[in-house]
Protein chains: 2
Amino acid sequence: MTASSGPALPVPDGLVEAFRAYERAVAERDTAALARFVAPGSSTLAGDPRGLLVGSDAITAYAAAPGPRRLVQTHVQVTDPDHALVVALTEHESGGRGQQTQLWARTDAGWVVTAAHTSEPAPALDTRVWRVVGDPLVPGTPGGPLSGESVAVKDVYAVAGHPVGGGNPAWEAAAPIERGDAKAVLGLVEAGADLRGIARTDEMAWSLFGTNPHYGAPPNPRAPYRVPGGSSSGPASAVSLGHATIGLGTDTGGSVRVPAAYQGLYGVRTTHGAIGTHGVLALAPSFDTVGWLTRDADLLALVGDVLLPDSTARGSSELVLVPELLDLAEPDVREAVEAWVATQGLVVRESWSLGELAEWRRAFITQQSWEAWQVRGGWLRDRIDVLGAEGRARFEHASSIDERTAERAQGVVHAARARLRELVGDRVLVAPTTPSVAPLLGSDLAALREPTLALTCLAPLAGLPAVSLPLRTAAGLPCGVSLTAAPGRDRDLLALAASLA
Amino acid sequence: MTASSGPALPVPDGLVEAFRAYERAVAERDTAALARFVAPGSSTLAGDPRGLLVGSDAITAYAAAPGPRRLVQTHVQVTDPDHALVVALTEHESGGRGQQTQLWARTDAGWVVTAAHTSEPAPALDTRVWRVVGDPLVPGTPGGPLSGESVAVKDVYAVAGHPVGGGNPAWEAAAPIERGDAKAVLGLVEAGADLRGIARTDEMAWSLFGTNPHYGAPPNPRAPYRVPGGSSSGPASAVSLGHATIGLGTDTGGSVRVPAAYQGLYGVRTTHGAIGTHGVLALAPSFDTVGWLTRDADLLALVGDVLLPDSTARGSSELVLVPELLDLAEPDVREAVEAWVATQGLVVRESWSLGELAEWRRAFITQQSWEAWQVRGGWLRDRIDVLGAEGRARFEHASSIDERTAERAQGVVHAARARLRELVGDRVLVAPTTPSVAPLLGSDLAALREPTLALTCLAPLAGLPAVSLPLRTAAGLPCGVSLTAAPGRDRDLLALAASLA
């Protein structure tokens, strides 16, 4: 059944039997049998809503078998006696229809699939990304500067009429219905942006990777099969997916900048204290800040115009690159940052002799953990098992920190703040946002936490604003370069980012 | 690049140029140019999230060009010098990624596509189906008989914390935030069902086809490119798509039964007055009833156990088929109903000499319209242009009905009620739910309104409960058979439907 005007070719011997055996393996969820139908080699393709896998190794490792379904129609197009396209319309047990397109090839080992493309019915909402979503959930005030924009609000902000979920079902179940909006939420709505919905966060906003144990990891469309970055994971993925244009997040130790880098977005962490956090679920008040993510640098700055206080803090646009910080990144990210730096005019390379970096990072973690237990320990003390394993381990460690240890850490934090502010001065620090691209789902995330914090803790330690700009590695994966400047230079930094984008 | 162990075949001459020309046509939204790449013939395939189109005529008529996007990766698998599969990973201007798989064939007229499969990024929510959706929007009370079920509530029911939208943006914008749930909503939540969200309705719940002019027609997954049926269009599509297991709707003149028939679902209209409609946006109070849709007859009955009053009304299970009513259906639907009847045991065929049918239908429309203006005219009088064309025409006609005409119509309705109740007696009337399968989008829906009402107005005229069971025509399209019985026999009828399913 090709498009040629000649007669359709007969269905080749064995194809129907092979297709039936494949469908049997799907029905029986027999992954070993399914793997035998994957054509070996680096050019085999398998695409589904999660992404396109290239090569039989990747397919065997990551491809998921389709859920229970029946075939409504099957069409065969034979191109030659050894190849045929089989297209099946599927009806799923859980409702909805999908489509499966496969190119089959005859090999010495029998019929195999060289390319597959599977569509499945979309869910009502992607519960990895969203808790609630509407058309819109809350309409923006007409006529404002953000008219036409839509916001994904991280589930740590108060939204009138809804509880704050905080990324944990038990917290959400116990949370009161909010009577008003958090200041940043209200600011966006009054500026004309529609609230699209309330998006997922890592548990209690305390993680950098976005792998919430209760709701799953939101997808990272530009780096499929990799983590989205957290803890503002839902707002970041919502923006990447085109579900919203603005992701409203929070950044305590990197929770906006990490997902920005991992997903190829623009992201800003504001000067500590510049935007009030009343109505925001606290994690570590000394470091908690409002931040946001966009696909566009101009919109990133426009949101700043709306939310930030008028600021007189100005400084130079001189970019300072610190080799010790650059060297914290893996080679692919380092090269991407170096390549970006090479396109800029004036960049000063300056060694900061940062022997204290490891001590700073440890002090940051100690003070963050201490504060997290101060704000959340009262509720968690009798129910810490409501948390996932990662959150539980972190809060258990936090509960074990004694006051003297916390005080010592605070001393280091204060010293680091003074020193970093002095080093940055009125210039703009350039550094990799994260040391790596988004790690693969299922990889050793714990091992990546400290190297990532080593870079992302500097702005929080010093209370500085930081903007992450999207870059790509040679392999095409997203990463980020960060610009950090003196406190209050948020608008300055956003304008610089827009001019460099 | 096939799976054979031999060397990959070279990319055939002209294929790259053809593919580039195709992509140019996509970028320029040049539908005429795109049509030239569709292989002529009845076996050409084009599948996208809306459904699978078979044959070049259907593709040319219905397929939509993809939106603005860029190609991230392109893979070619050549099966022979005249055929190649081209797989492209797409990144969309509005966010997210998709995939396009095409089988290209060389013909005398150049390279054409014999099969295409396109995936596009899913939106945050399908705004044709939903207004608001959550995980869940409201959790059900634990431990009830409907635990594990999820409800799509038609946007005419009060849901605490939300306005009632009524399928019209101006109405929604002016509507107050509801302080409590409508009785049926509360009943489902207290029985353990989660509220999944608030689903679309036709404007003011007054249509049978589900083509809302403001939000678009929800998809009909089992009859793609056809209307979903209305006015409970959103709840019906939500159930078909697997977004919810229960669609809570209302049925005034067929608004649950029509989408049930069009989408292959079970649906019930309850005895008039059996379930209170406090908190439900009224259309015509003499006929308005609570109803619901499911994919499963047992669940249809279980919802009845929760919502219906305990009832002693029982009757016989004798099925009565009335040829005059059967003859109101088109041949494909009539045959499906006849085939179903043939599988039943005792079915009495009985002529009812229904010369008054047309008069009844007219009286129903007049009284419904009169009441609709009584309840909605006050608000609409000064702003009727907020309605779409169909709604405006209907309400304008309603506003022109004088009291004497309305009184005459009411007299006919009363007579019809008495006569129908007498004819049905304690038996079960069997009839086609609708005279046709779901009409194609864009077809002449107005012409289908009266023939459809001729069948669907009988239960409302007499205030009787009616259940629609899903059937299929010979062509595989959904249609329905209705069982109608004496007032109060709802539970009886639901049990009968479950036993027949």
# chains A, B, ... in the order shown; residues from 1 in each chain; ligands from 1
$ closest_atom_pairs --of "chain B" --to "chain A" --cutoff "6 Å" --atoms "only C-alpha atoms" --output "JSON lines"
{"residue": "B:Ala3", "atom": "CA", "partner": "A:Ala39", "partner_atom": "CA", "distance": 5.5}
{"residue": "B:Ser4", "atom": "CA", "partner": "A:Thr107", "partner_atom": "CA", "distance": 5.5}
{"residue": "B:Ala39", "atom": "CA", "partner": "A:Ala3", "partner_atom": "CA", "distance": 5.5}
{"residue": "B:Ser94", "atom": "CA", "partner": "A:Gly242", "partner_atom": "CA", "distance": 5.2}
{"residue": "B:Gly95", "atom": "CA", "partner": "A:Gly242", "partner_atom": "CA", "distance": 3.8}
{"residue": "B:Gly96", "atom": "CA", "partner": "A:Leu241", "partner_atom": "CA", "distance": 4.0}
{"residue": "B:Thr107", "atom": "CA", "partner": "A:Ser4", "partner_atom": "CA", "distance": 5.5}
{"residue": "B:Thr114", "atom": "CA", "partner": "A:Ala3", "partner_atom": "CA", "distance": 6.0}
{"residue": "B:Pro123", "atom": "CA", "partner": "A:His243", "partner_atom": "CA", "distance": 6.0}
{"residue": "B:Ala124", "atom": "CA", "partner": "A:His243", "partner_atom": "CA", "distance": 4.9}
{"residue": "B:Leu125", "atom": "CA", "partner": "A:Leu125", "partner_atom": "CA", "distance": 5.6}
{"residue": "B:Arg131", "atom": "CA", "partner": "A:Asp135", "partner_atom": "CA", "distance": 5.3}
{"residue": "B:Val132", "atom": "CA", "partner": "A:Gly134", "partner_atom": "CA", "distance": 4.0}
{"residue": "B:Val133", "atom": "CA", "partner": "A:Val133", "partner_atom": "CA", "distance": 5.5}
{"residue": "B:Gly134", "atom": "CA", "partner": "A:Val132", "partner_atom": "CA", "distance": 4.0}
{"residue": "B:Asp135", "atom": "CA", "partner": "A:Arg131", "partner_atom": "CA", "distance": 5.3}
{"residue": "B:Pro221", "atom": "CA", "partner": "A:Gly96", "partner_atom": "CA", "distance": 5.9}
{"residue": "B:Ser240", "atom": "CA", "partner": "A:Gly95", "partner_atom": "CA", "distance": 5.6}
{"residue": "B:Leu241", "atom": "CA", "partner": "A:Gly96", "partner_atom": "CA", "distance": 4.0}
{"residue": "B:Gly242", "atom": "CA", "partner": "A:Gly95", "partner_atom": "CA", "distance": 3.8}
{"residue": "B:His243", "atom": "CA", "partner": "A:Ala124", "partner_atom": "CA", "distance": 4.9}
$ write_last_selection --atoms "C-alpha atoms" --output "mmCIF file, in the first residue's frame"
data_model
loop_
_atom_site.group_PDB
_atom_site.id
_atom_site.type_symbol
_atom_site.label_atom_id
_atom_site.label_comp_id
_atom_site.auth_asym_id
_atom_site.auth_seq_id
_atom_site.Cartn_x
_atom_site.Cartn_y
_atom_site.Cartn_z
ATOM 1 C CA ALA B 3 18.398 -2.551 11.042
ATOM 2 C CA SER B 4 19.998 -4.961 8.583
ATOM 3 C CA ALA B 39 0.170 10.904 -1.309
ATOM 4 C CA SER B 94 5.210 28.242 22.388
ATOM 5 C CA GLY B 95 7.303 25.799 24.459
ATOM 6 C CA GLY B 96 7.708 22.050 24.664
ATOM 7 C CA THR B 107 6.267 8.743 -7.260
ATOM 8 C CA THR B 114 2.214 8.155 2.578
ATOM 9 C CA PRO B 123 -1.243 22.124 26.902
ATOM 10 C CA ALA B 124 -1.414 22.655 30.682
ATOM 11 C CA LEU B 125 -5.090 21.753 30.432
ATOM 12 C CA ARG B 131 -12.126 25.407 33.071
ATOM 13 C CA VAL B 132 -10.222 24.337 36.196
ATOM 14 C CA VAL B 133 -8.634 21.014 37.047
ATOM 15 C CA GLY B 134 -6.678 19.763 40.059
ATOM 16 C CA ASP B 135 -4.938 16.798 41.633
ATOM 17 C CA PRO B 221 -12.079 10.609 21.093
ATOM 18 C CA SER B 240 -14.193 9.580 27.392
ATOM 19 C CA LEU B 241 -10.626 10.843 27.617
ATOM 20 C CA GLY B 242 -10.071 9.120 30.953
ATOM 21 C CA HIS B 243 -9.646 12.429 32.797
#
$ residues_around --residues "A:Ala33" --least-positions-apart "6" --cutoff "9 Å" --atoms "only C-alpha atoms" --output "list in words"
Ala21, Tyr22, Ala25 and Val26 of chain A
$ select_by_dssp --residues "stretch 418-464 of chain A" --states "alpha helix (DSSP H)" --output "list in words"
Ala418, Arg419, Leu420, Arg421, Glu422, Leu423, Val424, Ala446, Ala447, Leu448, Arg449, Glu450, Pro451, Thr452, Leu453, Ala454, Leu455, Thr456, Leu458, Ala459, Pro460, Leu461 and Ala462 of chain A
$ residues_around --residues "stretch 324-331 of chain B" --least-positions-apart "6" --cutoff "9 Å" --atoms "only C-alpha atoms" --output "ChimeraX atom specification"
/B:337-338,351-354,430-437,451-452,454-455
$ residues_around --residues "stretch 144-150 of chain B" --least-positions-apart "2" --cutoff "9 Å" --atoms "only C-alpha atoms" --output "PyMOL selection string"
chain B and resi 136+140-142+152+188-197+243-247+299+302-303+306
$ residues_around --residues "B:Asp490" --least-positions-apart "4" --cutoff "7 Å" --atoms "only C-alpha atoms" --output "PyMOL selection string"
chain B and resi 270-271+465+494
$ select_by_dssp --residues "stretch 249-428 of chain B" --states "strand (DSSP E)" --output "ChimeraX atom specification"
/B:249-250,266-269,290-294,319-321,347-349,428
$ write_last_selection --atoms "C-alpha atoms" --output "PDB file, in the first residue's frame"
ATOM      1  CA  GLY B 249     -24.113  16.933  34.060  1.00  0.00           C
ATOM      2  CA  THR B 250     -27.621  18.223  33.699  1.00  0.00           C
ATOM      3  CA  TYR B 266     -23.463   5.408  29.713  1.00  0.00           C
ATOM      4  CA  GLY B 267     -25.646   8.328  30.747  1.00  0.00           C
ATOM      5  CA  VAL B 268     -28.680   8.880  32.935  1.00  0.00           C
ATOM      6  CA  ARG B 269     -31.291  11.608  33.201  1.00  0.00           C
ATOM      7  CA  VAL B 290     -29.383  16.135  37.448  1.00  0.00           C
ATOM      8  CA  GLY B 291     -27.675  13.434  35.371  1.00  0.00           C
ATOM      9  CA  TRP B 292     -24.293  11.786  34.958  1.00  0.00           C
ATOM     10  CA  LEU B 293     -22.112   9.875  32.516  1.00  0.00           C
ATOM     11  CA  THR B 294     -19.637   7.006  32.992  1.00  0.00           C
ATOM     12  CA  LEU B 319     -39.040  -3.831  27.040  1.00  0.00           C
ATOM     13  CA  VAL B 320     -41.368  -2.005  24.644  1.00  0.00           C
ATOM     14  CA  LEU B 321     -40.156  -1.028  21.196  1.00  0.00           C
ATOM     15  CA  VAL B 347     -39.287  -7.207  23.581  1.00  0.00           C
ATOM     16  CA  VAL B 348     -42.842  -6.144  22.810  1.00  0.00           C
ATOM     17  CA  ARG B 349     -43.312  -4.218  19.573  1.00  0.00           C
ATOM     18  CA  VAL B 428     -39.463   0.071  29.900  1.00  0.00           C
TER      19      VAL B 428
END
